[in-house]
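Presented below is the structure to which this report refers.
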Amino acid sequence: MTPNPLMPRQPVPALDLATTDGGRFILGAHPPEAFDLIVFYRGLHCPLCIKYLLELERLAPEFQKRGVRLVAISSDDASRGMQMAEKIGAKLLGFGYGLSMETARQWGLYISSGRGATSIGIEEPALFSEPGVFLIKPDGTLYYGSTQTMPFARPQLQDLLGAIDYAITKAYPARGEFAGPV
């Protein structure tokens with residue numbers, strides 16, 4: 001089954017996940033000033049996810065200055081989610097865990113089956129989602145989305161900061177919204 005793409009300017013699927021700080025991330029419960037930046041990552045087993053999330057934590061103050069709330073989400077269980085948050089040294093980046101494969105599909109994420117231990121010696125789960133990066137407006141609609149079939153070649157976070165600056169200062173609308181016949 002091919003994931004259905006989300007449509008810009010349309011509501012995104014619900015998210016309600018436990019977080020490593022003992023709370024919950026409920027999309028839309030406390031709308032951010034500008035955007036929610038949701039980064040779906042593969043899980044603790046992924047060395048490229050670690051690198052990406054370390055960069056996101058490093059840049060977190062820059063995102064927050066722009067009114068962007070950050071959350072990293074995986075299908076990992078609580079223990080693995082906590083281990084990832086600790087590995088990243090998360091102070092500003094929130095971590096949600098327990099993403100179901102059904103919800104991953106609703107978000108248009110690709111799903112992979114586990115292939116054993118990775119290069120860092122951690123076992124892959126039986127099923128897990130591949131990466132996705134989304135900017136969600138305070139009204140719960142999709143502004144920007146990117147999904148990958150592989151763990152590499154993700155959107156550069158520094159570029160995303162520049163795009164957010166442009167979107168905010170120019171009131172640039174979400175694009176890719178046309179759904180009529182072509």
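Chains: A, B, ... in order of the structure tokens. Residues: from 1 per chain. Ligands: from 1, in order shown.
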Using DSSP on the backbone coordinates, identify all residues within stretch 44-160 of chain A classified as helix (DSSP H, G or I); present the result as a PyMOL selection string. chain A and resi 47-65+78-88+101-106+157-160
Just-selected residues, C-alpha atoms written as a PDB file, in the first residue's frame:
```
ATOM      1  CA  PRO A  47      22.688   6.357  13.645  1.00  0.00           C
ATOM      2  CA  LEU A  48      21.563   8.910  11.027  1.00  0.00           C
ATOM      3  CA  CYS A  49      18.563   9.814  13.192  1.00  0.00           C
ATOM      4  CA  ILE A  50      20.921  10.485  16.090  1.00  0.00           C
ATOM      5  CA  LYS A  51      22.964  12.868  13.941  1.00  0.00           C
ATOM      6  CA  TYR A  52      19.835  14.655  12.652  1.00  0.00           C
ATOM      7  CA  LEU A  53      18.292  15.013  16.101  1.00  0.00           C
ATOM      8  CA  LEU A  54      21.556  16.290  17.610  1.00  0.00           C
ATOM      9  CA  GLU A  55      21.492  19.057  14.990  1.00  0.00           C
ATOM     10  CA  LEU A  56      17.839  19.785  15.731  1.00  0.00           C
ATOM     11  CA  GLU A  57      18.599  20.092  19.458  1.00  0.00           C
ATOM     12  CA  ARG A  58      21.537  22.410  18.636  1.00  0.00           C
ATOM     13  CA  LEU A  59      19.284  24.634  16.515  1.00  0.00           C
ATOM     14  CA  ALA A  60      16.284  24.441  18.863  1.00  0.00           C
ATOM     15  CA  PRO A  61      16.808  27.983  20.252  1.00  0.00           C
ATOM     16  CA  GLU A  62      16.668  29.370  16.700  1.00  0.00           C
ATOM     17  CA  PHE A  63      13.410  27.555  15.981  1.00  0.00           C
ATOM     18  CA  GLN A  64      11.932  28.682  19.287  1.00  0.00           C
ATOM     19  CA  LYS A  65      12.834  32.334  18.549  1.00  0.00           C
ATOM     20  CA  ALA A  78       9.117   4.237  26.335  1.00  0.00           C
ATOM     21  CA  SER A  79      12.525   2.761  27.183  1.00  0.00           C
ATOM     22  CA  ARG A  80      13.990   3.304  23.724  1.00  0.00           C
ATOM     23  CA  GLY A  81      12.403   6.757  23.483  1.00  0.00           C
ATOM     24  CA  MET A  82      14.035   7.747  26.784  1.00  0.00           C
ATOM     25  CA  GLN A  83      17.375   6.355  25.654  1.00  0.00           C
ATOM     26  CA  MET A  84      17.219   8.476  22.494  1.00  0.00           C
ATOM     27  CA  ALA A  85      16.306  11.637  24.418  1.00  0.00           C
ATOM     28  CA  GLU A  86      19.264  10.976  26.743  1.00  0.00           C
ATOM     29  CA  LYS A  87      21.616  10.227  23.842  1.00  0.00           C
ATOM     30  CA  ILE A  88      20.644  13.552  22.236  1.00  0.00           C
ATOM     31  CA  MET A 101       1.965   2.032  12.252  1.00  0.00           C
ATOM     32  CA  GLU A 102      -1.635   2.988  11.468  1.00  0.00           C
ATOM     33  CA  THR A 103      -0.954   6.598  12.453  1.00  0.00           C
ATOM     34  CA  ALA A 104       2.346   6.532  10.557  1.00  0.00           C
ATOM     35  CA  ARG A 105       0.410   5.516   7.443  1.00  0.00           C
ATOM     36  CA  GLN A 106      -2.139   8.295   7.991  1.00  0.00           C
ATOM     37  CA  LEU A 157      17.477  22.122   9.236  1.00  0.00           C
ATOM     38  CA  GLN A 158      19.400  25.339   8.558  1.00  0.00           C
ATOM     39  CA  ASP A 159      17.548  25.632   5.220  1.00  0.00           C
ATOM     40  CA  LEU A 160      14.266  25.036   7.024  1.00  0.00           C
TER      41      LEU A 160
END
```
I'd like the neighbourhood of A:Gly23 as a ChimeraX atom specification, where a residue qualifies if any of its atoms comes within 12 Å (using only C-alpha atoms), though same-chain residues fewer than 6 positions away should be ignored. /A:16-17,78,94-97
Which distance in Å separates atom CA of A:Ala34 and atom CA of A:Pro8, to one decimal? 15.7 Å
Mind checking which residues fall within 10 Å of stretch 136-139 of chain A, counting only C-alpha atoms, ignoring those fewer than 4 positions away in the same chain, and posting them as a list in words? Pro8, Arg9, Gln10, Pro11, Val12, Leu27, Gly28, Ala29, His30, Pro31, Pro32, Glu33, Ala34, Phe35, Asp36, Leu37, Ile38, Val68, Arg69, Tyr143, Tyr144, Gly145 and Ala174 of chain A
Quick one: pull the distance between atom CA of A:Ala18 and atom CA of A:Pro151, Å, one decimal.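 So the answer is 23.7 Å.
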Just the strand (DSSP E or B) stuff from stretch 40-158 of chain A, please, per backbone DSSP, written as a ChimeraX atom specification. /A:40,68-73,94-97,111-113,117,123,127-129,132-136,141-147
Given the selection you just returned, output its residues as a file containing N, CA and C atoms, formatted as a compact mmCIF listing (two decimals), in the first residue's frame.
```txt
# COMPACT_ATOMS: atom_id res chain seq x y z
N PHE A 40 9.45 12.99 12.46
CA PHE A 40 9.31 11.55 12.67
C PHE A 40 10.66 10.92 12.37
N VAL A 68 8.39 28.39 16.84
CA VAL A 68 8.22 27.01 16.38
C VAL A 68 8.44 26.06 17.56
N ARG A 69 7.46 25.21 17.81
CA ARG A 69 7.59 24.17 18.83
C ARG A 69 8.11 22.91 18.15
N LEU A 70 9.03 22.19 18.82
CA LEU A 70 9.69 21.03 18.24
C LEU A 70 9.30 19.75 18.94
N VAL A 71 9.06 18.71 18.16
CA VAL A 71 8.85 17.39 18.73
C VAL A 71 9.40 16.34 17.76
N ALA A 72 10.13 15.38 18.32
CA ALA A 72 10.64 14.23 17.57
C ALA A 72 9.82 13.02 18.00
N ILE A 73 9.36 12.23 17.02
CA ILE A 73 8.42 11.14 17.30
C ILE A 73 8.89 9.86 16.61
N GLY A 94 11.35 18.08 22.34
CA GLY A 94 10.47 17.10 22.97
C GLY A 94 10.54 15.78 22.23
N PHE A 95 10.32 14.68 22.96
CA PHE A 95 10.35 13.35 22.37
C PHE A 95 9.05 12.61 22.67
N GLY A 96 8.32 12.26 21.60
CA GLY A 96 7.13 11.43 21.72
C GLY A 96 7.47 10.02 21.27
N TYR A 97 6.80 9.05 21.86
CA TYR A 97 7.08 7.65 21.51
C TYR A 97 5.76 6.88 21.40
N ILE A 111 6.92 2.68 5.67
CA ILE A 111 7.16 1.74 6.75
C ILE A 111 8.13 0.67 6.27
N SER A 112 9.10 0.38 7.14
CA SER A 112 10.10 -0.65 6.83
C SER A 112 9.99 -1.79 7.83
N SER A 113 10.44 -2.96 7.40
CA SER A 113 10.51 -4.11 8.31
C SER A 113 11.95 -4.24 8.81
N ALA A 117 20.32 -6.17 13.69
CA ALA A 117 21.07 -5.10 14.34
C ALA A 117 21.65 -4.14 13.30
N GLU A 123 19.16 -3.48 17.72
CA GLU A 123 18.19 -4.22 16.93
C GLU A 123 17.09 -3.30 16.39
N LEU A 127 8.67 -3.57 12.79
CA LEU A 127 8.20 -2.55 11.84
C LEU A 127 8.50 -1.18 12.42
N PHE A 128 8.85 -0.24 11.57
CA PHE A 128 9.09 1.14 12.01
C PHE A 128 8.90 2.07 10.83
N SER A 129 8.62 3.34 11.11
CA SER A 129 8.42 4.30 10.03
C SER A 129 9.73 4.93 9.62
N GLY A 132 10.12 11.59 8.39
CA GLY A 132 9.22 12.60 7.85
C GLY A 132 9.40 13.88 8.64
N VAL A 133 9.33 15.00 7.96
CA VAL A 133 9.47 16.32 8.59
C VAL A 133 8.27 17.15 8.14
N PHE A 134 7.55 17.73 9.12
CA PHE A 134 6.32 18.47 8.82
C PHE A 134 6.27 19.76 9.62
N LEU A 135 5.82 20.82 8.96
CA LEU A 135 5.47 22.07 9.64
C LEU A 135 3.95 22.16 9.64
N ILE A 136 3.39 22.29 10.84
CA ILE A 136 1.94 22.36 11.00
C ILE A 136 1.58 23.74 11.53
N THR A 141 -3.42 22.74 10.15
CA THR A 141 -3.29 22.39 8.74
C THR A 141 -1.82 22.24 8.35
N LEU A 142 -1.60 21.46 7.31
CA LEU A 142 -0.25 21.22 6.81
C LEU A 142 0.28 22.45 6.09
N TYR A 143 1.48 22.88 6.47
CA TYR A 143 2.16 23.95 5.75
C TYR A 143 3.25 23.35 4.86
N TYR A 144 4.05 22.45 5.41
CA TYR A 144 5.17 21.85 4.69
C TYR A 144 5.29 20.39 5.10
N GLY A 145 5.62 19.54 4.16
CA GLY A 145 5.85 18.14 4.47
C GLY A 145 6.89 17.51 3.58
N SER A 146 7.69 16.64 4.18
CA SER A 146 8.70 15.89 3.45
C SER A 146 8.79 14.50 4.05
N THR A 147 8.69 13.47 3.22
CA THR A 147 8.86 12.10 3.68
C THR A 147 9.97 11.45 2.87
```
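Between A:Tyr110 and the residues A:Arg42, A:Arg24, A:Gly89, A:Ile164, the shortest atom-to-atom distance, using only C-alpha atoms, involves A:Arg42.
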Across A:Gln148, A:Thr19, A:Thr169, A:Thr118, the smallest distance to A:Cys46, with only C-alpha atoms counted, is shown by A:Thr118
Between atom CA of A:Tyr41 and atom CA of A:Ser74, what is the distance, to one decimal in Å?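 Atom-to-atom, atom CA of A:Tyr41 and atom CA of A:Ser74 are spaced 5.4 Å apart.
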